[in-house]
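Shown here: final_14.txt, compact mmCIF, C-alpha atoms and all ligand atoms.
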```txt
# COMPACT_ATOMS: atom_id res chain seq x y z
CA MET A 292 -20.21 26.54 7.02
CA ILE A 293 -20.83 22.96 5.96
CA ARG A 294 -18.71 21.96 2.97
CA VAL A 295 -20.20 20.13 -0.02
CA LYS A 296 -18.75 17.48 -2.30
CA ILE A 297 -20.61 16.41 -5.44
CA CYS A 298 -19.41 12.92 -6.28
CA GLY A 299 -19.54 10.72 -9.36
CA ILE A 300 -18.89 13.45 -11.91
CA THR A 301 -18.57 11.99 -15.41
CA ARG A 302 -19.15 15.11 -17.55
CA ARG A 303 -17.35 18.43 -17.79
CA GLU A 304 -20.64 20.36 -17.75
CA ASP A 305 -21.60 18.73 -14.44
CA ALA A 306 -18.24 19.67 -12.91
CA LEU A 307 -18.85 23.26 -13.97
CA ALA A 308 -22.43 23.19 -12.67
CA ALA A 309 -21.15 21.99 -9.28
CA ALA A 310 -18.43 24.65 -9.16
CA HIS A 311 -20.77 27.45 -10.25
CA ALA A 312 -23.33 26.41 -7.63
CA GLY A 313 -20.62 26.77 -4.97
CA ALA A 314 -19.56 23.17 -4.31
CA ASP A 315 -16.25 22.85 -2.50
CA ALA A 316 -15.24 19.55 -4.10
CA ILE A 317 -16.06 17.13 -6.86
CA GLY A 318 -15.55 13.37 -6.76
CA LEU A 319 -14.18 11.27 -9.63
CA VAL A 320 -14.88 7.55 -9.35
CA PHE A 321 -12.05 5.15 -10.24
CA ALA A 322 -13.89 2.04 -9.01
CA GLU A 323 -14.43 0.00 -12.17
CA ARG A 324 -17.58 -1.69 -10.93
CA SER A 325 -19.35 1.66 -10.54
CA SER A 326 -21.59 3.03 -13.28
CA ARG A 327 -19.83 6.35 -12.58
CA TYR A 328 -16.35 4.99 -13.35
CA ILE A 329 -14.23 7.23 -15.58
CA ASP A 330 -10.79 6.69 -17.12
CA HIS A 331 -7.77 8.93 -16.63
CA GLU A 332 -8.23 10.84 -19.85
CA LEU A 333 -11.80 11.86 -19.08
CA ALA A 334 -10.84 12.64 -15.47
CA ARG A 335 -8.05 14.94 -16.67
CA SER A 336 -10.36 16.74 -19.06
CA ILE A 337 -12.90 17.28 -16.24
CA CYS A 338 -10.16 18.62 -13.93
CA ARG A 339 -8.99 21.01 -16.66
CA VAL A 340 -12.31 22.91 -16.81
CA LEU A 341 -12.63 23.41 -13.06
CA PRO A 342 -12.00 26.88 -11.65
CA PRO A 343 -9.14 27.18 -9.14
CA PHE A 344 -9.71 26.09 -5.54
CA VAL A 345 -12.33 23.41 -6.22
CA THR A 346 -10.97 20.26 -4.58
CA ARG A 347 -10.61 17.16 -6.77
CA VAL A 348 -11.26 13.93 -4.90
CA GLY A 349 -10.45 10.50 -6.37
CA LEU A 350 -12.63 7.62 -5.15
CA PHE A 351 -11.18 4.09 -4.99
CA MET A 352 -12.62 0.82 -3.83
CA ASP A 353 -10.19 -1.97 -2.99
CA ALA A 354 -7.83 -0.87 -5.78
CA SER A 355 -4.21 -1.98 -5.74
CA ALA A 356 -1.56 0.49 -4.58
CA GLU A 357 -0.21 0.45 -8.14
CA THR A 358 -3.61 1.51 -9.52
CA VAL A 359 -3.88 4.39 -7.03
CA ARG A 360 -0.31 5.49 -7.85
CA SER A 361 -0.81 5.39 -11.60
CA THR A 362 -4.04 7.38 -11.21
CA LEU A 363 -2.16 9.99 -9.18
CA GLU A 364 0.45 10.20 -11.92
CA GLY A 365 -2.22 10.69 -14.59
CA VAL A 366 -4.83 12.86 -12.85
CA PRO A 367 -4.30 15.95 -10.64
CA LEU A 368 -6.11 14.77 -7.50
CA ASP A 369 -6.05 16.72 -4.23
CA TRP A 370 -7.68 14.13 -1.95
CA LEU A 371 -8.22 10.37 -1.91
CA GLN A 372 -11.45 8.68 -0.79
CA PHE A 373 -11.29 4.96 0.03
CA HIS A 374 -14.59 3.18 -0.09
CA GLY A 375 -13.66 -0.49 0.33
CA ARG A 376 -11.89 -2.61 2.92
CA GLU A 377 -8.59 -0.72 2.74
CA SER A 378 -6.52 -0.68 5.94
CA GLN A 379 -5.26 2.53 7.50
CA ASP A 380 -1.69 1.64 6.47
CA PHE A 381 -2.83 1.24 2.88
CA CYS A 382 -4.69 4.57 2.82
CA ARG A 383 -1.85 6.64 4.25
CA GLN A 384 0.92 5.61 1.82
CA PHE A 385 0.15 7.97 -1.08
CA GLY A 386 1.21 11.37 0.26
CA ARG A 387 -2.25 12.91 -0.17
CA PRO A 388 -4.93 13.83 2.36
CA TRP A 389 -7.35 10.91 2.55
CA MET A 390 -10.71 9.97 3.91
CA LYS A 391 -12.11 6.54 4.65
CA ALA A 392 -15.74 5.66 4.11
CA LEU A 393 -17.16 3.82 7.11
CA ALA A 394 -20.07 1.51 6.38
CA MET A 395 -22.99 2.37 8.66
CA GLY A 396 -25.47 -0.12 7.17
CA GLY A 397 -25.65 -3.71 8.37
CA ASP A 398 -25.45 -5.09 11.90
CA LEU A 399 -21.76 -4.43 12.51
CA PRO A 400 -20.87 -0.90 11.36
CA ASP A 401 -17.19 -0.10 10.72
CA ASP A 402 -15.24 1.21 13.70
CA PRO A 403 -13.86 4.80 13.44
CA ALA A 404 -11.03 3.83 15.81
CA ASP A 405 -9.49 1.73 13.01
CA TYR A 406 -8.75 4.95 11.06
CA ASP A 407 -7.48 7.38 13.70
CA GLN A 408 -4.91 8.87 11.28
CA ALA A 409 -7.46 9.74 8.57
CA ASP A 410 -7.71 13.36 7.51
CA ALA A 411 -11.46 12.83 7.52
CA LEU A 412 -13.98 10.05 7.99
CA LEU A 413 -17.02 9.61 5.78
CA LEU A 414 -20.10 7.95 7.25
CA ASP A 415 -22.03 6.22 4.49
CA ALA A 416 -25.10 4.00 4.30
CA HIS A 417 -23.57 0.93 2.65
CA ALA A 418 -23.14 -2.29 4.59
CA PRO A 419 -19.57 -3.51 5.25
CA GLY A 420 -18.24 -5.12 2.05
CA GLN A 421 -20.82 -3.49 -0.23
CA ALA A 422 -20.35 -0.56 -2.63
CA GLY A 423 -21.72 2.94 -2.02
CA GLY A 424 -23.41 5.39 -4.33
CA SER A 425 -26.74 3.62 -4.00
CA GLY A 426 -28.88 6.49 -2.76
CA GLU A 427 -29.69 4.74 0.52
CA THR A 428 -29.74 6.57 3.84
CA PHE A 429 -28.77 5.06 7.18
CA ASP A 430 -30.32 5.58 10.59
CA TRP A 431 -28.68 8.89 11.53
CA SER A 432 -29.29 8.24 15.22
CA ARG A 433 -26.67 5.45 14.89
CA ALA A 434 -23.95 7.83 13.67
CA PRO A 435 -20.96 7.35 15.98
CA ARG A 436 -19.22 10.33 17.53
CA VAL A 437 -15.91 10.66 15.72
CA ALA A 438 -12.82 12.51 16.85
CA ARG A 439 -11.86 13.48 13.27
CA PRO A 440 -13.39 15.94 10.80
CA TRP A 441 -16.22 14.03 9.20
CA VAL A 442 -18.42 13.87 6.13
CA LEU A 443 -22.03 12.67 6.02
CA ALA A 444 -23.05 10.64 2.96
CA GLY A 445 -25.64 8.12 1.86
CA GLY A 446 -28.93 8.93 0.20
CA LEU A 447 -28.70 12.69 0.69
CA ASN A 448 -30.82 14.85 -1.61
CA PRO A 449 -32.25 18.39 -1.68
CA ASP A 450 -35.24 17.29 0.45
CA ASN A 451 -33.41 15.63 3.34
CA VAL A 452 -29.99 17.29 3.52
CA GLY A 453 -31.23 20.30 5.51
CA ALA A 454 -32.62 18.05 8.24
CA ALA A 455 -29.46 15.94 8.19
CA CYS A 456 -27.29 19.01 8.69
CA ARG A 457 -29.48 20.31 11.53
CA GLN A 458 -29.52 16.94 13.28
CA LEU A 459 -25.87 15.94 12.91
CA SER A 460 -23.83 19.08 12.16
CA PRO A 461 -21.29 17.31 9.94
CA ASP A 462 -18.21 19.16 8.71
CA ALA A 463 -19.19 18.30 5.15
CA VAL A 464 -21.77 16.40 3.12
CA ASP A 465 -21.22 14.22 0.05
CA VAL A 466 -23.88 13.44 -2.55
CA SER A 467 -23.97 11.43 -5.73
CA SER A 468 -27.30 9.87 -6.75
CA GLY A 469 -29.43 12.54 -5.01
CA VAL A 470 -28.48 15.15 -7.62
CA GLU A 471 -28.70 12.86 -10.67
CA VAL A 472 -31.20 12.25 -13.44
CA ARG A 473 -29.53 8.86 -14.02
CA PRO A 474 -26.25 7.29 -12.81
CA GLY A 475 -23.38 9.59 -13.73
CA VAL A 476 -25.56 12.34 -15.19
CA LYS A 477 -26.14 15.23 -12.80
CA SER A 478 -28.96 17.77 -12.84
CA ASP A 479 -27.93 21.41 -12.70
CA LYS A 480 -31.17 22.24 -10.87
CA LEU A 481 -30.81 19.46 -8.30
CA ILE A 482 -27.24 20.55 -7.60
CA ARG A 483 -28.40 24.14 -7.02
CA ASP A 484 -31.33 22.97 -4.84
CA PHE A 485 -28.94 20.79 -2.84
CA MET A 486 -26.54 23.68 -2.27
CA LYS A 487 -29.41 25.96 -1.14
CA ALA A 488 -30.72 23.31 1.26
CA VAL A 489 -27.29 22.92 2.87
CA LYS A 490 -26.86 26.67 3.19
CA HIS A 491 -30.30 27.43 4.60
CA GLY A 492 -30.72 24.21 6.59
O1 LIG B 501 -20.68 6.99 -6.61
C1 LIG B 501 -20.38 5.79 -6.84
O2 LIG B 501 -20.66 5.24 -7.91
C2 LIG B 501 -19.69 4.98 -5.79
C3 LIG B 501 -19.19 3.74 -6.13
C4 LIG B 501 -18.54 2.96 -5.19
C5 LIG B 501 -18.39 3.42 -3.90
C6 LIG B 501 -18.90 4.66 -3.54
C7 LIG B 501 -19.55 5.46 -4.46
N1 LIG B 501 -20.07 6.70 -4.14
C8 LIG B 501 -20.08 7.26 -2.83
O3 LIG B 501 -21.12 6.71 -2.06
C9 LIG B 501 -21.61 7.67 -1.14
C10 LIG B 501 -23.11 7.77 -1.19
O4 LIG B 501 -23.59 8.06 -2.47
P1 LIG B 501 -25.13 8.43 -2.73
O5 LIG B 501 -25.26 9.93 -2.52
O6 LIG B 501 -25.97 7.65 -1.75
O7 LIG B 501 -25.42 8.05 -4.13
C11 LIG B 501 -20.91 8.98 -1.47
O8 LIG B 501 -19.84 9.13 -0.55
C12 LIG B 501 -20.32 8.75 -2.83
O9 LIG B 501 -19.10 9.44 -2.91
```

Spit out the file's structure as structure tokens when you get a sec.
Amino acid sequence: MIRVKICGITRREDALAAAHAGADAIGLVFAERSSRYIDHELARSICRVLPPFVTRVGLFMDASAETVRSTLEGVPLDWLQFHGRESQDFCRQFGRPWMKALAMGGDLPDDPADYDQADALLLDAHAPGQAGGSGETFDWSRAPRVARPWVLAGGLNPDNVGAACRQLSPDAVDVSSGVEVRPGVKSDKLIRDFMKAVKHG
């Protein structure tokens, strides 16, 4: 079964909608330049309403180690997602499972071999050096074969995720803008449609 993460949650009701629709994980964005950025207090209050066994993923983009550590002290995160130019040594220092987003857009996609200790790799549409969460897809035929569990991201939505799953068989998919009515505000219906499309291909 392909796992699903709904990223960029900024409201408690959206966290509950994701959990009730059967999502395996939610993503909380701690990258200040994102329109989905939330502070520790809001993140804690979102975590508090989640039912047990929904994984809480914290997303960082070129944050300092001190910022990641203080977030871990303040918010009960299960996984870390690094979306910038972090090195493998940086990502592995926090004592949590972690995944690294690899930029598939642009002429020189990131190399999975640089992150051979990652608990998972996430293939996303952004170009190296640019942010994600933009709703853009990448050319799936360019997806590298990776020797780690991996997550497909980038411009997924209820209309294309079934085809993506059939074509690439990822371990998991990650969506943010494809289930939103505007940045940071999710649609209950789009979340449910997305979950159905993953399940039924
Ligand atoms: O969601 C964000 O705001 C974000 C900000 C900075 C880096 C990554 C971000 N989101 C991640 O980007 C991909 C693709 O998102 P989308 O579905 O295309 O909108 C996904 O992994 C998000 O977790």

Could you pull out the residues sitting within 6 Å of ligand LIG 501 (chain B), using all atoms listed in the file, and write them as a tab-separated table (two decimals) with C-alpha atoms, in the frame of the given file?
```tsv
chain	number	residue	atom	x	y	z
A	298	CYS	CA	-19.41	12.92	-6.28
A	299	GLY	CA	-19.54	10.72	-9.36
A	325	SER	CA	-19.35	1.66	-10.54
A	326	SER	CA	-21.59	3.03	-13.28
A	327	ARG	CA	-19.83	6.35	-12.58
A	374	HIS	CA	-14.59	3.18	-0.09
A	415	ASP	CA	-22.03	6.22	4.49
A	422	ALA	CA	-20.35	-0.56	-2.63
A	423	GLY	CA	-21.72	2.94	-2.02
A	424	GLY	CA	-23.41	5.39	-4.33
A	425	SER	CA	-26.74	3.62	-4.00
A	426	GLY	CA	-28.88	6.49	-2.76
A	427	GLU	CA	-29.69	4.74	0.52
A	444	ALA	CA	-23.05	10.64	2.96
A	445	GLY	CA	-25.64	8.12	1.86
A	446	GLY	CA	-28.93	8.93	0.20
A	447	LEU	CA	-28.70	12.69	0.69
A	465	ASP	CA	-21.22	14.22	0.05
A	466	VAL	CA	-23.88	13.44	-2.55
A	467	SER	CA	-23.97	11.43	-5.73
A	468	SER	CA	-27.30	9.87	-6.75
A	469	GLY	CA	-29.43	12.54	-5.01
```

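In this model, the gap between atom CA of His331 of chain A and atom CA of Pro367 of chain A comes to 9.9 Å.
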
Within-12 Å shell of (-19.4, 11.7, 17.6) in input frame, all atoms listed in the file, as a PyMOL selection string: chain A and resi 402-404+412+414+431-443+459-462

Atom CA of Val348 of chain A to atom CA of Glu364 of chain A, straight-line distance in Å: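 Taking atom CA of Glu364 of chain A and atom CA of Val348 of chain A, their separation equals 14.2 Å.
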
Distance of atom CA of Asp353 of chain A from atom CA of Phe321 of chain A, expressed in Å to one decimal place: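 Value for the atom CA of Phe321 of chain A-atom CA of Asp353 of chain A distance: 10.3 Å.
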
Neighbours of point (-29.2, -3.9, 6.5) within 12 Å, using all atoms listed in the file, written as a ChimeraX atom specification: /A:394-400,416-421,427-430

Any chance you could export the current selection's C-alpha atoms as a short mmCIF file (atom, residue, chain, number, x, y, z; two decimals), keeping the file's coordinate frame?
```
data_model
loop_
_atom_site.label_atom_id
_atom_site.label_comp_id
_atom_site.auth_asym_id
_atom_site.auth_seq_id
_atom_site.Cartn_x
_atom_site.Cartn_y
_atom_site.Cartn_z
CA ALA A 394 -20.07 1.51 6.38
CA MET A 395 -22.99 2.37 8.66
CA GLY A 396 -25.47 -0.12 7.17
CA GLY A 397 -25.65 -3.71 8.37
CA ASP A 398 -25.45 -5.09 11.90
CA LEU A 399 -21.76 -4.43 12.51
CA PRO A 400 -20.87 -0.90 11.36
CA ALA A 416 -25.10 4.00 4.30
CA HIS A 417 -23.57 0.93 2.65
CA ALA A 418 -23.14 -2.29 4.59
CA PRO A 419 -19.57 -3.51 5.25
CA GLY A 420 -18.24 -5.12 2.05
CA GLN A 421 -20.82 -3.49 -0.23
CA GLU A 427 -29.69 4.74 0.52
CA THR A 428 -29.74 6.57 3.84
CA PHE A 429 -28.77 5.06 7.18
CA ASP A 430 -30.32 5.58 10.59
#
```

Nearby residues (all atoms listed in the file) at most 6 Å from Asp410 of chain A, same-chain spacing under 3 positions excluded, as a list of chain:residue names: A:Pro388, A:Trp389, A:Met390

Arg387 of chain A environment, 10 Å, only C-alpha atoms, sequence neighbours closer than 3 positions dropped, as a PyMOL selection string: chain A and resi 363+368-371+382-384+390+410

Residue with smallest distance to Met292 of chain A - pool A:Asp315, A:Ile337, A:Asp380, A:Leu481, counting all atoms listed in the file: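 Closest residue, counting all atoms listed in the file: A:Asp315.
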
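Nearest-residue note for Glu332 of chain A: choosing from A:Arg376, A:Arg302, A:His491, A:Arg473, the minimum distance belongs to A:Arg302, counting all atoms listed in the file.
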
Option closest in space to Val464 of chain A, from A:Ile317, A:Phe351, A:Asp479, A:Ala308 [counting all atoms listed in the file]: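 For Val464 of chain A, the nearest of the candidates is A:Ile317.
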
Spatial neighbours of Lys477 of chain A, 8 Å, only C-alpha atoms, chain gap at least 5 places, as a VMD selection string: chain A and resid 300 305 470 to 472 482

Among listed residues A:Pro342, A:Gly313, A:Gly375, A:Gly365, nearest Lys490 of chain A (using only C-alpha atoms): A:Gly313

With 5 Å added on each side, what axis-aligned box encloses every listed atom of segment 337-346 of chain A? Give the centre and edge lengths in Å to one decimal, as lines of an AutoDock Vina configuration file.
```
center_x = -10.9
center_y = 22.2
center_z = -10.7
size_x = 13.9
size_y = 19.9
size_z = 22.2
```
